[in-house]
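One structure is given below, encoded as structure tokens.
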Amino acid sequence: MSSTPTMQPRQPRPQSERGGIVVLDFGGQYTQLIARRIREQQVFSAVLPCNSSLEKIKAFEPAGIVLSGGPSSVYDPQAPKCDPNVLSIGVPVLGICYGMQWITHTLGGKVVNAGRQEYGRASLDRSCGTARPESEIFAGVPQSLRIWNNHGDHVHTLPEGFHATAMTENAIAAVEHAGKKIYAVQFHPEVNHTENGTQILRNFLFRVCHAEPKWSGAAFIEETTQAIKEKVGEKWAICALSGGVDSTVAAVLVHRVMGEKLTNIFVNTGMLRKNEFADTLEMLRDRLHLKVIGVDASDRFLEKLKGVSDPERKRKIIGGEFIAVFAEEAQKLQKGDAHGEIGFLVQGTLYPDVIESVSVKGPSATIKTHHNVGGLPENMPFALIEPLRDLFKDEVRRIGKDLGLPSEILLKHPFPGPGLAVRLLGEISREPLVTLQDADAIVTEEIRSAGLYEKVWQAFAVLLPVRSVGVMGDDRTYGLTVAVRVVQSDDAMTADWVRLPGDVLERISTRIVNEVRGVTRVVYDISSKPPSTIEWE
Ligand code: XMP
């Protein structure tokens, strides 16, 4: 399997990916957001580690380069670095936050630890730049605006030939050397909290780099299918299909090219939502016409999980067992007469999976190891096809829509690989699993009938190993507790709890206590991520 968290340049780049922007990652938490904001302008963007070779960068034939933010100080000996020649390969450069500090430091200016650090909102004032011609970067942007900052160091002395184009109360907020087409901002134009941030990025793309807005879902589909065609040749492929939007979009894309040569394997781990196995199989086979093998391995999973309550062990056991089931099925296929040589494994890996899973020195640090990328063993005898590896969830949904996928799949809430195992706290067995499935189905039904399903990121139930006293009829009860979790998010990296209307909460609570045997209490989770996570385990 691939061990790099970033894009692999293919040779040659497809037409719509040439003339895009290469974002060099210094490890900033917003790096991927920069790439996505650029794609929102129909300009292709690729994230590469900051220490990528010039050759690799040039292979993208970029119209410009963005240097991302990052948590380090440029004067730290371990600080991540780019090849300084990126500043002179003949395309414009935009440094953001650490990117600005690295440019300053590299070209002979001075960066110092800020006496007063700037985190969060600040006011930007452009009047310092008004004596000169209007900065291209700020064309059409008001003289003062609210911006979002996230830095402890700041630029003290500019490199030769540079001048400041904006200030905040405490620091130089933007600099440039228009002749060399090097621009830099200390704040984050990519985050929504920065007013006119999109305009600033658009100015860089279109006024400075003259990038062409030619990247689109249709172009992505056409070029990706072409690339898959070239890659697979005569070989066959298998796909671990979960019925979620990512793996389904990946499977449908590959199916377009390979048809019957792609076999999808859908494993019931026993940790799926109520009726999910049967419903999903039907959808995949009858409506999407995919070739799918449905494997009900729930007994096997439950057996392995007996007595286990540690979340990480649950994840590992489920991951390991999943791979074992998957490999057995692949072997059966391989031995079958009517099957060609399997050369490829299709996965619906997304960009956030990649960055959350793999730790690389410099670029975005590891947050979790739980996503599909980390789960596969090194010695899988198949090459990977990951057509969505550079995209975000909402981009995948758009591609899925262009491919004609039904909205039941496109708008389905994300569901973790270990499924209900990480929502059933403590030990897992069949009875509490059914309790959780029933409670969860009520949450989904009520959220749907309130017209909220498509407006929230995830809505689900968690079964807590906490018993509390209740009274039902004349009897005292001592039953289980269900926590309801409904969150809003853009990409699952941060999330906020949803302020559900009281009547919706009431219906959920009443129905769960009345309809789900053994549950006497329902609580609503009002924690955001960070510091909490979306899932409870
Ligand atoms: P957390 O709980 O980390 O979840 O805030 C972020 C997003 O990832 C999903 N998630 C998982 N997905 N395997 C997965 O494939 C996992 O082990 C896993 N744990 C969490 C979660 O549902 C949310 O969308």
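Labeling convention for the structure tokens: chains A, B, ... as they appear, residues from 1 per chain, ligands from 1 in order of appearance.
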Residues of chain A within 9 Å of ligand 1: nearest atom pair and distance (Å, one decimal) for each, counting only C-alpha atoms and all ligand atoms, sorted by chain and number, as a Markdown table?
| residue | atom | partner | partner_atom_place_in_ligand_line | distance |
| --- | --- | --- | --- | --- |
| A:Glu312 | CA | ligand 1 | 17 (O) | 8.6 |
| A:Arg315 | CA | ligand 1 | 17 (O) | 6.1 |
| A:Gly319 | CA | ligand 1 | 17 (O) | 8.8 |
| A:Asp353 | CA | ligand 1 | 15 (O) | 8.1 |
| A:Ile367 | CA | ligand 1 | 3 (O) | 8.5 |
| A:Lys368 | CA | ligand 1 | 3 (O) | 7.2 |
| A:Thr369 | CA | ligand 1 | 17 (O) | 8.0 |
| A:His370 | CA | ligand 1 | 17 (O) | 4.4 |
| A:His371 | CA | ligand 1 | 15 (O) | 4.5 |
| A:Asn372 | CA | ligand 1 | 15 (O) | 5.8 |
| A:His413 | CA | ligand 1 | 24 (O) | 8.0 |
| A:Pro414 | CA | ligand 1 | 24 (O) | 5.2 |
| A:Phe415 | CA | ligand 1 | 22 (O) | 4.9 |
| A:Pro416 | CA | ligand 1 | 12 (N) | 3.4 |
| A:Gly417 | CA | ligand 1 | 15 (O) | 3.9 |
| A:Pro418 | CA | ligand 1 | 17 (O) | 5.5 |
| A:Gly419 | CA | ligand 1 | 16 (C) | 7.6 |
| A:Val422 | CA | ligand 1 | 19 (N) | 7.4 |
| A:Trp457 | CA | ligand 1 | 24 (O) | 7.9 |
| A:Gln458 | CA | ligand 1 | 24 (O) | 7.1 |
| A:Ser489 | CA | ligand 1 | 24 (O) | 8.9 |
| A:Asp491 | CA | ligand 1 | 24 (O) | 8.0 |
| A:Ala492 | CA | ligand 1 | 6 (C) | 4.8 |
| A:Met493 | CA | ligand 1 | 6 (C) | 6.5 |
| A:Thr494 | CA | ligand 1 | 5 (O) | 7.5 |
| A:Ala495 | CA | ligand 1 | 5 (O) | 7.7 |
| A:Lys529 | CA | ligand 1 | 5 (O) | 6.6 |
| A:Pro530 | CA | ligand 1 | 5 (O) | 8.2 |
| A:Ser532 | CA | ligand 1 | 5 (O) | 7.3 |
| A:Thr533 | CA | ligand 1 | 5 (O) | 3.6 |
| A:Ile534 | CA | ligand 1 | 5 (O) | 3.6 |
| A:Glu535 | CA | ligand 1 | 2 (O) | 3.6 |
| A:Trp536 | CA | ligand 1 | 2 (O) | 6.5 |
| A:Glu537 | CA | ligand 1 | 2 (O) | 6.9 |
Based on DSSP run over this structure's backbone, return all residues of region 189-355 of chain A in alpha helix (DSSP H), as an mmCIF file with C-alpha atoms, in the first residue's frame.
data_model
loop_
_atom_site.group_PDB
_atom_site.id
_atom_site.type_symbol
_atom_site.label_atom_id
_atom_site.label_comp_id
_atom_site.auth_asym_id
_atom_site.auth_seq_id
_atom_site.Cartn_x
_atom_site.Cartn_y
_atom_site.Cartn_z
ATOM 1 C CA GLY A 197 -10.937 35.575 2.161
ATOM 2 C CA THR A 198 -12.337 34.009 -0.998
ATOM 3 C CA GLN A 199 -11.730 37.220 -2.914
ATOM 4 C CA ILE A 200 -8.113 37.254 -1.746
ATOM 5 C CA LEU A 201 -7.625 33.646 -2.899
ATOM 6 C CA ARG A 202 -9.412 34.374 -6.181
ATOM 7 C CA GLY A 217 -16.805 17.139 -11.454
ATOM 8 C CA ALA A 218 -17.303 16.153 -15.088
ATOM 9 C CA ALA A 219 -13.621 16.652 -15.873
ATOM 10 C CA PHE A 220 -12.701 14.693 -12.757
ATOM 11 C CA ILE A 221 -14.923 11.774 -13.759
ATOM 12 C CA GLU A 222 -13.657 11.703 -17.314
ATOM 13 C CA GLU A 223 -10.003 11.931 -16.413
ATOM 14 C CA THR A 224 -10.212 9.567 -13.475
ATOM 15 C CA THR A 225 -11.952 6.872 -15.489
ATOM 16 C CA GLN A 226 -9.349 7.303 -18.220
ATOM 17 C CA ALA A 227 -6.540 6.940 -15.673
ATOM 18 C CA ILE A 228 -8.161 3.822 -14.190
ATOM 19 C CA LYS A 229 -8.491 2.325 -17.659
ATOM 20 C CA GLU A 230 -4.807 2.800 -18.309
ATOM 21 C CA LYS A 231 -3.848 1.445 -14.914
ATOM 22 C CA VAL A 232 -5.858 -1.777 -14.788
ATOM 23 C CA VAL A 245 -21.065 7.439 -0.012
ATOM 24 C CA ASP A 246 -17.280 7.144 -0.365
ATOM 25 C CA SER A 247 -16.931 3.485 -1.212
ATOM 26 C CA THR A 248 -20.064 3.542 -3.366
ATOM 27 C CA VAL A 249 -18.871 6.489 -5.447
ATOM 28 C CA ALA A 250 -15.465 4.803 -5.812
ATOM 29 C CA ALA A 251 -17.101 1.527 -6.856
ATOM 30 C CA VAL A 252 -19.417 3.190 -9.362
ATOM 31 C CA LEU A 253 -16.512 5.103 -10.908
ATOM 32 C CA VAL A 254 -14.433 1.952 -11.279
ATOM 33 C CA HIS A 255 -17.468 -0.058 -12.424
ATOM 34 C CA ARG A 256 -17.832 2.384 -15.322
ATOM 35 C CA VAL A 257 -14.444 1.291 -16.552
ATOM 36 C CA MET A 258 -14.290 -2.348 -15.486
ATOM 37 C CA GLU A 276 -28.741 -1.939 6.902
ATOM 38 C CA PHE A 277 -27.233 -5.119 5.486
ATOM 39 C CA ALA A 278 -30.321 -6.193 3.540
ATOM 40 C CA ASP A 279 -31.319 -2.673 2.450
ATOM 41 C CA THR A 280 -27.858 -1.762 1.242
ATOM 42 C CA LEU A 281 -27.370 -5.000 -0.662
ATOM 43 C CA GLU A 282 -30.606 -4.423 -2.472
ATOM 44 C CA SER A 298 -21.739 -11.185 12.229
ATOM 45 C CA ASP A 299 -21.367 -14.348 14.345
ATOM 46 C CA ARG A 300 -17.679 -14.398 13.679
ATOM 47 C CA PHE A 301 -17.222 -10.783 14.699
ATOM 48 C CA LEU A 302 -19.281 -11.159 17.852
ATOM 49 C CA GLU A 303 -17.280 -14.199 18.860
ATOM 50 C CA LYS A 304 -13.995 -12.296 18.490
ATOM 51 C CA LEU A 305 -15.333 -9.326 20.434
ATOM 52 C CA PRO A 311 -12.297 0.830 22.249
ATOM 53 C CA GLU A 312 -8.933 0.550 20.558
ATOM 54 C CA ARG A 313 -8.975 -3.241 20.926
ATOM 55 C CA LYS A 314 -12.468 -3.324 19.491
ATOM 56 C CA ARG A 315 -11.260 -1.329 16.496
ATOM 57 C CA LYS A 316 -8.232 -3.563 15.981
ATOM 58 C CA ILE A 317 -10.253 -6.771 16.279
ATOM 59 C CA ILE A 318 -12.888 -5.551 13.854
ATOM 60 C CA GLY A 319 -10.263 -4.246 11.428
ATOM 61 C CA GLY A 320 -8.317 -7.517 11.594
ATOM 62 C CA GLU A 321 -11.387 -9.694 11.195
ATOM 63 C CA PHE A 322 -12.655 -7.561 8.360
ATOM 64 C CA ILE A 323 -9.438 -8.072 6.477
ATOM 65 C CA ALA A 324 -9.536 -11.815 7.156
ATOM 66 C CA VAL A 325 -13.090 -12.120 5.785
ATOM 67 C CA PHE A 326 -12.230 -9.923 2.862
ATOM 68 C CA ALA A 327 -9.078 -11.877 2.005
ATOM 69 C CA GLU A 328 -10.963 -15.211 2.198
ATOM 70 C CA GLU A 329 -13.572 -13.947 -0.216
ATOM 71 C CA ALA A 330 -10.928 -12.633 -2.562
ATOM 72 C CA GLN A 331 -9.208 -16.002 -2.486
ATOM 73 C CA LYS A 332 -12.452 -17.794 -3.259
ATOM 74 C CA LEU A 333 -12.956 -15.495 -6.213
ATOM 75 C CA GLN A 334 -9.439 -15.970 -7.431
ATOM 76 C CA LYS A 335 -9.878 -19.744 -7.383
ATOM 77 C CA TYR A 351 -8.293 13.168 1.752
ATOM 78 C CA PRO A 352 -9.232 13.606 5.433
ATOM 79 C CA ASP A 353 -8.734 9.822 5.900
ATOM 80 C CA VAL A 354 -5.275 10.185 4.486
ATOM 81 C CA ILE A 355 -4.183 13.086 6.614
#
Counting only C-alpha atoms, what are the residues of region 64-163 of chain A within 7 Å of region 19-36 of chain A, and for each of them which pair of atoms is the nearest and at what distance in Å, to one decimal? Sort the table by chain and rising number, as a Markdown table.
| residue | atom | partner | partner_atom | distance |
| --- | --- | --- | --- | --- |
| A:Gly64 | CA | A:Ile21 | CA | 5.0 |
| A:Ile65 | CA | A:Val22 | CA | 4.9 |
| A:Val66 | CA | A:Val23 | CA | 4.6 |
| A:Leu67 | CA | A:Leu24 | CA | 5.0 |
| A:Ser68 | CA | A:Asp25 | CA | 5.3 |
| A:Gly69 | CA | A:Gly28 | CA | 4.6 |
| A:Gly70 | CA | A:Gly28 | CA | 3.7 |
| A:Pro71 | CA | A:Gly28 | CA | 6.2 |
| A:Pro80 | CA | A:Phe26 | CA | 6.2 |
Selected residues written out with N, CA and C atoms, as a PDB file, in the first residue's frame:
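So result06.pdb came out as:
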ATOM      1  N   GLY A  64       0.724  28.190 -10.010  1.00  0.00           N
ATOM      2  CA  GLY A  64       1.163  28.902  -8.814  1.00  0.00           C
ATOM      3  C   GLY A  64       1.392  27.929  -7.674  1.00  0.00           C
ATOM      4  N   ILE A  65       2.046  28.446  -6.632  1.00  0.00           N
ATOM      5  CA  ILE A  65       2.342  27.612  -5.466  1.00  0.00           C
ATOM      6  C   ILE A  65       1.850  28.340  -4.221  1.00  0.00           C
ATOM      7  N   VAL A  66       1.227  27.591  -3.325  1.00  0.00           N
ATOM      8  CA  VAL A  66       0.848  28.158  -2.032  1.00  0.00           C
ATOM      9  C   VAL A  66       1.669  27.465  -0.958  1.00  0.00           C
ATOM     10  N   LEU A  67       2.243  28.231  -0.063  1.00  0.00           N
ATOM     11  CA  LEU A  67       2.967  27.655   1.071  1.00  0.00           C
ATOM     12  C   LEU A  67       2.048  27.762   2.277  1.00  0.00           C
ATOM     13  N   SER A  68       1.764  26.637   2.895  1.00  0.00           N
ATOM     14  CA  SER A  68       0.720  26.604   3.924  1.00  0.00           C
ATOM     15  C   SER A  68       1.204  27.159   5.259  1.00  0.00           C
ATOM     16  N   GLY A  69       0.283  27.197   6.199  1.00  0.00           N
ATOM     17  CA  GLY A  69       0.637  27.489   7.575  1.00  0.00           C
ATOM     18  C   GLY A  69       1.261  26.258   8.222  1.00  0.00           C
ATOM     19  N   GLY A  70       1.665  26.407   9.462  1.00  0.00           N
ATOM     20  CA  GLY A  70       2.249  25.269  10.173  1.00  0.00           C
ATOM     21  C   GLY A  70       2.535  25.659  11.608  1.00  0.00           C
ATOM     22  N   PRO A  71       2.674  24.664  12.484  1.00  0.00           N
ATOM     23  CA  PRO A  71       2.800  24.967  13.911  1.00  0.00           C
ATOM     24  C   PRO A  71       4.213  25.367  14.352  1.00  0.00           C
ATOM     25  N   PRO A  80      10.189  22.708   9.518  1.00  0.00           N
ATOM     26  CA  PRO A  80      10.085  22.181   8.152  1.00  0.00           C
ATOM     27  C   PRO A  80      10.496  23.233   7.120  1.00  0.00           C
TER      28      PRO A  80
END
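Taking CA of Arg18 (chain A) and CA of Ser135 (chain A) as the two end points, the separation is 26.5 Å.
Note that the spacing between CA of Gly95 (chain A) and CA of Ala184 (chain A) amounts to 4.3 Å.
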Inset, instruction - Find, counting only C-alpha atoms, the residue in A:Pro213, A:Glu160, A:Leu87, A:Gln186 that gets nearest to Gln101 (chain A). - result: A:Gln186
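With distances restricted to only C-alpha atoms, A:Phe266 is the closest residue to Asp296 (chain A) from A:Val47, A:Phe266, A:Met283, A:Pro465.
If you count only C-alpha atoms and ignore residues fewer than 2 places along the chain from Leu384 (chain A), what sits within 6 Å of it is A:Phe344, A:Leu345, A:Val346.
Backbone DSSP assigns strand (DSSP E or B) in region 45-120 of chain A to Ser45, Ala46, Val47, Leu48, Pro49, Gly64, Ile65, Val66, Leu67, Val93, Leu94, Gly95, Ile96, Lys110, Val111, Val112, Asn113, Ala114, Gly115, Arg116, Gln117, Glu118, Tyr119 and Gly120 of chain A.
CA of Ser429 (chain A) lies 16.5 Å from CA of Val516 (chain A).
Checking A:Ile38, A:Ile342, A:Ala114, A:Val267 one by one against Glu212 (chain A), counting only C-alpha atoms, you find the shortest gap at A:Ile38.
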